[in-house]
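Here's the structure we're looking at; comments come further down.
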Amino acid sequence: MTRRQTVFGNTALDSFDVVILGSGCAGGAVADICTRNGLNVLVLEAGMNRYDFLDDPTRAPVSRHACDELKNRRGFILPDPRVEPRTFRRKATDGDRTFTGDVNGLPKTVGGGGVHADLKMPRFEPQDFHLGTDLGDQATASGASFADWPVDYDALEPFYAYVDDAMGIQGDAATNPRDGARSRDFPMKPGVPMYCANKVAPALSSLGYTMFPFPTAVNSQPYDGRPACVDCGFCSGYGCANNAKGSPAVTTLRKALLSGRCQLRSETRAVRLVKNGAGNAITGVECIGADGKRVTVQGDRYVLAMSAIEDARLCKLSDVGNDLVGRFLTFHFQTVAAGIWQDDRLHGHRGRTVTHGFSDFRGAVGDPERPLGGIVEISGSEGPVQEASIYARVLQTLRSLGGAAFDGVMMKKLMRQSPLRDRVTVLALQAEDAPQATNRVDLDPSVVDVDGVAAPRITYDNHPFELAARDVYAPKMMEILEKAGARWVAVLPPDEISASAHIMGTLRMGEDAGRAVVDATGRFFGIENLFAADGSVFPTSSGFNPTMTIVAMAARIAGGLVSAGNPERALP
Amino acid sequence: MRYRRRSILQIAASLPVLGGLGGAACGTPRAAPRFLDDEQRAKVERLADLVFPPDDTPGATALGAVDYIDRLLSGEGLFFGSGPFSGRTPFPDERGLPSGEVPRDAFADAEPLDRVQFEAMRALLHGDDGLRALFTDNLKRVGPHTQLEDLDTAFLDTLVQLVCEGCFAAPEYGGNHDMKGWRLVHFEGDQMPLGFTTFDEARGVYREREGASTSAKDDALDPDPIDEDVAKFLSTAIAFLGGRDTKAS
């Protein structure tokens with residue numbers, strides 16, 4: 001039997017300054033910053049490595065990801081809910097759970113969510129860091145809990161600039177009117193626009209909206225030893241086949257692995273943080289390895305970077321952190337509008353999934369006619385298996401409502417005429433989600449995974465804040481599509497079961513232990529050597545895609561590990 | 001341009017095995033593992049052709065959907081293909097045009113399953129809730145005149161989903177024979193490493209592939225026009241969602 005490699009980088013290292021849990025966008029940045037500054041790190045990743053030559057300095061990594069729709073639908077890098085279930089309920093009064101299965105699943109592989117995402121990476125805007133103050137009474141209305149961040153845009157800007165360079169961001173600094181000040185321009189100009197964006201552009205302009213190229217961690221020219229994107233179309237939801245996408249496995253994490261100061265252990269799943277007798281320090285991490293056996297690893301400091309739900313789950317499994325652990329879970333409340341063109345082929349399966357967006361629906365504080373929403377993505381379509389599955393669901397739904405039998409003739413006509421692949425454009429509003437203490441992650445009382453570990457339970461219900469934004473902007477989204485030439489326009493119903501990949505909160509960052517879990521450096525209150533460094537620390541969700549701020553915040557927290565009180569000194 | 005070429009070739013040089021000139025297979029399965037017996041298979045073929053029927057073009061069975069289902073049920077087929085390339089398109093040449101160098105079909109290689117994924121695959125196929133039991137039990141109740149509306153809902157849902165996959169997933173998984181499914185719906189399939197665009201480093205600009213534009217109108221592979229039946233269907237479905245047919249309004 002061939003044993004595959006599960007230890008990468010400097011396999012001889014046996015003493016670690018920092019143990020990083022998770023190898024995704026946040027963990028990769030922490031590893032990069034720490035190793036650049038002389039710290040030895042151990043990165044633990046629950047999933048498998050899917051790159052050949054990941055740690056080989058003489059050869060470029062070869063991705064085993066591919067333009068393969070079925071592979072991704074089968075969960076190539078996603079947790080399979082048959083063996084790794086999560087549970088869901090809207091309210092605590094709904095009982096233990098109302099659903100068991102896939103809830104907000106994120107990739108579990110070397111590179112984490114940075115592998116499958118199309119890496120749309122706008123910055124948050126300056127206002128996003130002090131909404132607790134700016135919203136006034138609205139900040140706490142009807143159970144909301146908006147809070148100021150203990151870090152503002154200016155403090156984070158040098159770390160945003162680091163991410164621009166480290167992951168390779170394309171964009172046009174002059175085009176998004178909501179952008180904060182930048183210390184330098186994007187390292188790359190925007191790539192080729194998709195036809196669906198060009199098709200919608202005149203309508204947006206005539207309605208007074210400003211479309212701009214989406215800042216994206218995808219090469220629009222050869223950059224950092226990686227080739228330019230060729231717009232193959234398999235971007236969102238797929239690992240990149242030629243490494244043009246700046247996923248951590250080929251950028252930050254790879255640099256750390258080549259530094260001689262990083263060891264990565266894949267297929268190594270953390271299941272418990274071990275505390276000292278006083279409960280004020282972590283002494284190790286209990287893991288289940290590739291062989292199914294348990295092992296405990298140790299370091300001086302520990303950084304959680306497994307994403308908001310898994311971070312909170314591990315804390316709950318370990319009885320670590322204060323009573324606020326798991327609370328203030330936020331997503332982006334997505335409003336999705338689809339327009340179908342009768343006579344125009346839009347070939348939305350070519351390109352980078354999303355090349356343009358607009359921020360006019362981010363709104364303004366205190367203006368009920370322009371409530372705080374978020375950025376709008378303009379996107380194309382899915383592949384034919386997904387297309388066929390959607391038609392099948394529609395036909396089965398009509399059947400269940402008393403219609404005729406499943407209509408195979410119509411199924412075939414739909415596939416050949418392709419209203420939902422070759423003729424569709426989608427607008428997706430990523431709206432700010434009001435933080436609420438009742439929206440939270442805890443442990444399901446009886447559902448366990450394949451290892452017998454308690455499943456995370458997500459309790460999540462919408463707040464009037466984001467529902468009001470949907471009410472205002474949904475008709476405007478239909479208006480845009482109609483004006484652009486779509487014959488059929490509709491706003492899709494929101495998810496019944498939470499499915500967003502934008503997951504934030506659960507280990508809130510703040511100034512004091514009474515209102516937060518971690519301090520401004522990411523350190524847990526009352527635990528001297530435990531830090532959180534991903535979207536879990538976000539006090540609020542903003543209305544812009546979170547990955548850029550996740551990585552920038554992770555880099556800042558790593559900078560604090562290197563240079564306490566002056567994290568900027570850790571930057572290259 | 002030289003840099004682009006070099007960086008693509010850097011990947012090519014790292015591939016474990018690089019195929020020769022122009023020899024890429026179209027993904028026809030190398031073996032045909034079976035689970036269904038002849039009687040069961042005939043039933044599945046008839047049901048699959050009700051989901052995606054033959055007319056003057058192939059239906060589900062002719063496209064390979066039942067071969068795909070049988071292979072999946074056997075447990076011996078490909079679960080996750082590898083990557084990065086299938087060999088269906090070549091590397092670009094110095095000008096960004098198709099070259100004679102074609103990567104080998106890595107999709108046909110099996111990616112390993114980790115400890116947890118192996119358990120997930122077992123759960124998918126085996127046990128009381130697995131696909132094998134679902135097909136075996138439900139096919140016992142299928143007769144020569146059974147229609148889709150007669151099927152148990154869970155079985156119908158699964159059958160429809162697997163037919164979709166078998167018609168339109170990459171051919172390496174055992175269906176979509178010779179890419180007939182993709183051709184039927186005017187889908188180009190996977191396009192790496194050629195892609196649809198090329199960055200011209202000498203000029204610092206992108207070029208789009210001739211006849212396959214990413215940014216502009218392209219009717220070269222226009223799907224069938226939307227007919228009255230589909231227009232009426234879309235109007236009904238959109239109205240159900242609370243949307244509108246702007247032509248009607």
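FYI, nothing fancy with the structure tokens labels: chains A, B, ... in order, residues from 1 per chain, ligands from 1 as they appear.
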
For Lys217 of chain B, list every protein, DNA or RNA residue within 7 Å, evaluated using only C-alpha atoms, and leave out those in the same chain fewer than 2 positions away; present the list as number ranges by chain.
A: 195, 346; B: 219

Please report as CSV every residue of chain A lying within 7 Å of chain B, along with the nearest atom pair and their distance in Å (one decimal), using only C-alpha atoms.
```
residue,atom,partner,partner_atom,distance
A:Met48,CA,B:Asp114,CA,6.8
A:Arg59,CA,B:Ser14,CA,6.2
A:Ala60,CA,B:Ile11,CA,6.1
A:Val62,CA,B:Ile11,CA,6.2
A:Ser63,CA,B:Pro84,CA,5.6
A:Arg64,CA,B:Gly83,CA,4.0
A:His65,CA,B:Gly83,CA,5.3
A:Ala66,CA,B:Pro84,CA,4.7
A:Cys67,CA,B:Asp190,CA,5.4
A:Asp68,CA,B:Ala170,CA,6.6
A:Glu69,CA,B:Ala169,CA,6.5
A:Leu70,CA,B:Ala169,CA,5.7
A:Lys71,CA,B:Phe80,CA,5.3
A:Phe76,CA,B:Phe80,CA,6.7
A:Asp80,CA,B:Ala120,CA,6.4
A:Arg82,CA,B:Ala120,CA,6.1
A:Val83,CA,B:Ala120,CA,5.7
A:Val192,CA,B:Ser215,CA,6.7
A:Pro193,CA,B:Ser215,CA,5.4
A:Met194,CA,B:Ser215,CA,4.5
A:Tyr195,CA,B:Ser215,CA,4.1
A:Gln221,CA,B:Phe199,CA,6.3
A:Pro222,CA,B:Arg4,CA,6.2
A:Gly225,CA,B:Ser7,CA,6.8
A:Arg226,CA,B:Ser7,CA,6.2
A:Pro227,CA,B:Ser7,CA,5.4
A:Ala228,CA,B:Phe199,CA,6.5
A:Val230,CA,B:Thr197,CA,4.7
A:Asp231,CA,B:Phe196,CA,5.6
A:Cys232,CA,B:Gly195,CA,4.7
A:Ala241,CA,B:Pro84,CA,4.9
A:Ala290,CA,B:Arg115,CA,6.6
A:Gln342,CA,B:Ile226,CA,6.5
A:Arg345,CA,B:Asp222,CA,6.4
A:Leu346,CA,B:Lys217,CA,7.0
A:Arg350,CA,B:Thr214,CA,5.7
A:Gly351,CA,B:Thr214,CA,6.2
A:Pro384,CA,B:Phe168,CA,6.1
A:Val385,CA,B:Phe168,CA,5.5
A:Ala388,CA,B:Cys164,CA,5.8
A:Ser389,CA,B:Gln161,CA,6.3
A:Ala392,CA,B:Val160,CA,7.0
A:Ala405,CA,B:Glu149,CA,5.4
A:Phe406,CA,B:Leu148,CA,6.6
A:Gly408,CA,B:Val51,CA,4.5
A:Val409,CA,B:Pro53,CA,6.4
A:Met411,CA,B:Phe52,CA,6.6
A:Lys412,CA,B:Phe52,CA,5.9
A:Leu414,CA,B:Val230,CA,6.8
A:Met415,CA,B:Val185,CA,6.0
A:Arg416,CA,B:Val185,CA,4.7
A:Gln417,CA,B:Asp224,CA,4.7
A:Ser418,CA,B:Pro223,CA,6.7
A:Arg487,CA,B:Thr246,CA,5.2
A:Trp488,CA,B:Asp245,CA,4.6
A:Val489,CA,B:Gly243,CA,5.5
A:Ala490,CA,B:Gly243,CA,3.9
A:Val491,CA,B:Gly243,CA,6.5
A:Leu492,CA,B:Leu241,CA,6.6
```

Filtered DSSP result for segment 258-437 of chain A, state strand (DSSP E or B), as a ChimeraX atom specification
/A:262-265,269-275,282-288,294-297,301-304,327,330,333-340,351,354-358,374-379,424-431,436

DSSP on the backbone, helix (DSSP H, G or I) only: what residues of segment 11-249 of chain B does that give? Format it as a PyMOL selection string.
chain B and resi 11-14+38-51+60-63+65-74+106-108+115-125+131-139+148-150+153-168+171-173+177-184+228-240

Using only C-alpha atoms, the shortest atom-to-atom distance to Pro567 of chain A among A:Pro202, A:Pro158, A:Gly28, A:Gly357 belongs to A:Pro158

Near Gln138 of chain A, within 9 Å and counting only C-alpha atoms, which residues show up once chain neighbours fewer than 5 positions away are dropped, as a list in words?
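Contacts, in chain order: Gly132, Ala144, Phe146, Gly366 and Phe465 of chain A.
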
Could you please take those selected residues and save N, CA, C and O atoms as a compact mmCIF listing (two decimals), in the first residue's frame?
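To be explicit, this is the file written out as result16.txt:
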```
# COMPACT_ATOMS: atom_id res chain seq x y z
N GLY A 132 -21.24 50.43 15.28
CA GLY A 132 -21.85 50.43 16.61
C GLY A 132 -22.15 51.85 17.07
O GLY A 132 -23.20 52.12 17.68
N ALA A 144 -30.60 43.47 17.95
CA ALA A 144 -29.34 43.62 17.22
C ALA A 144 -28.21 43.99 18.18
O ALA A 144 -28.47 44.46 19.30
N PHE A 146 -24.88 45.58 16.98
CA PHE A 146 -23.76 46.15 16.22
C PHE A 146 -22.74 46.71 17.21
O PHE A 146 -23.11 47.31 18.22
N GLY A 366 -28.75 55.69 8.42
CA GLY A 366 -29.82 56.62 8.76
C GLY A 366 -30.72 57.03 7.61
O GLY A 366 -31.57 57.90 7.77
N PHE A 465 -33.42 44.20 10.23
CA PHE A 465 -32.42 45.05 9.57
C PHE A 465 -32.14 44.60 8.14
O PHE A 465 -32.26 45.37 7.19
```
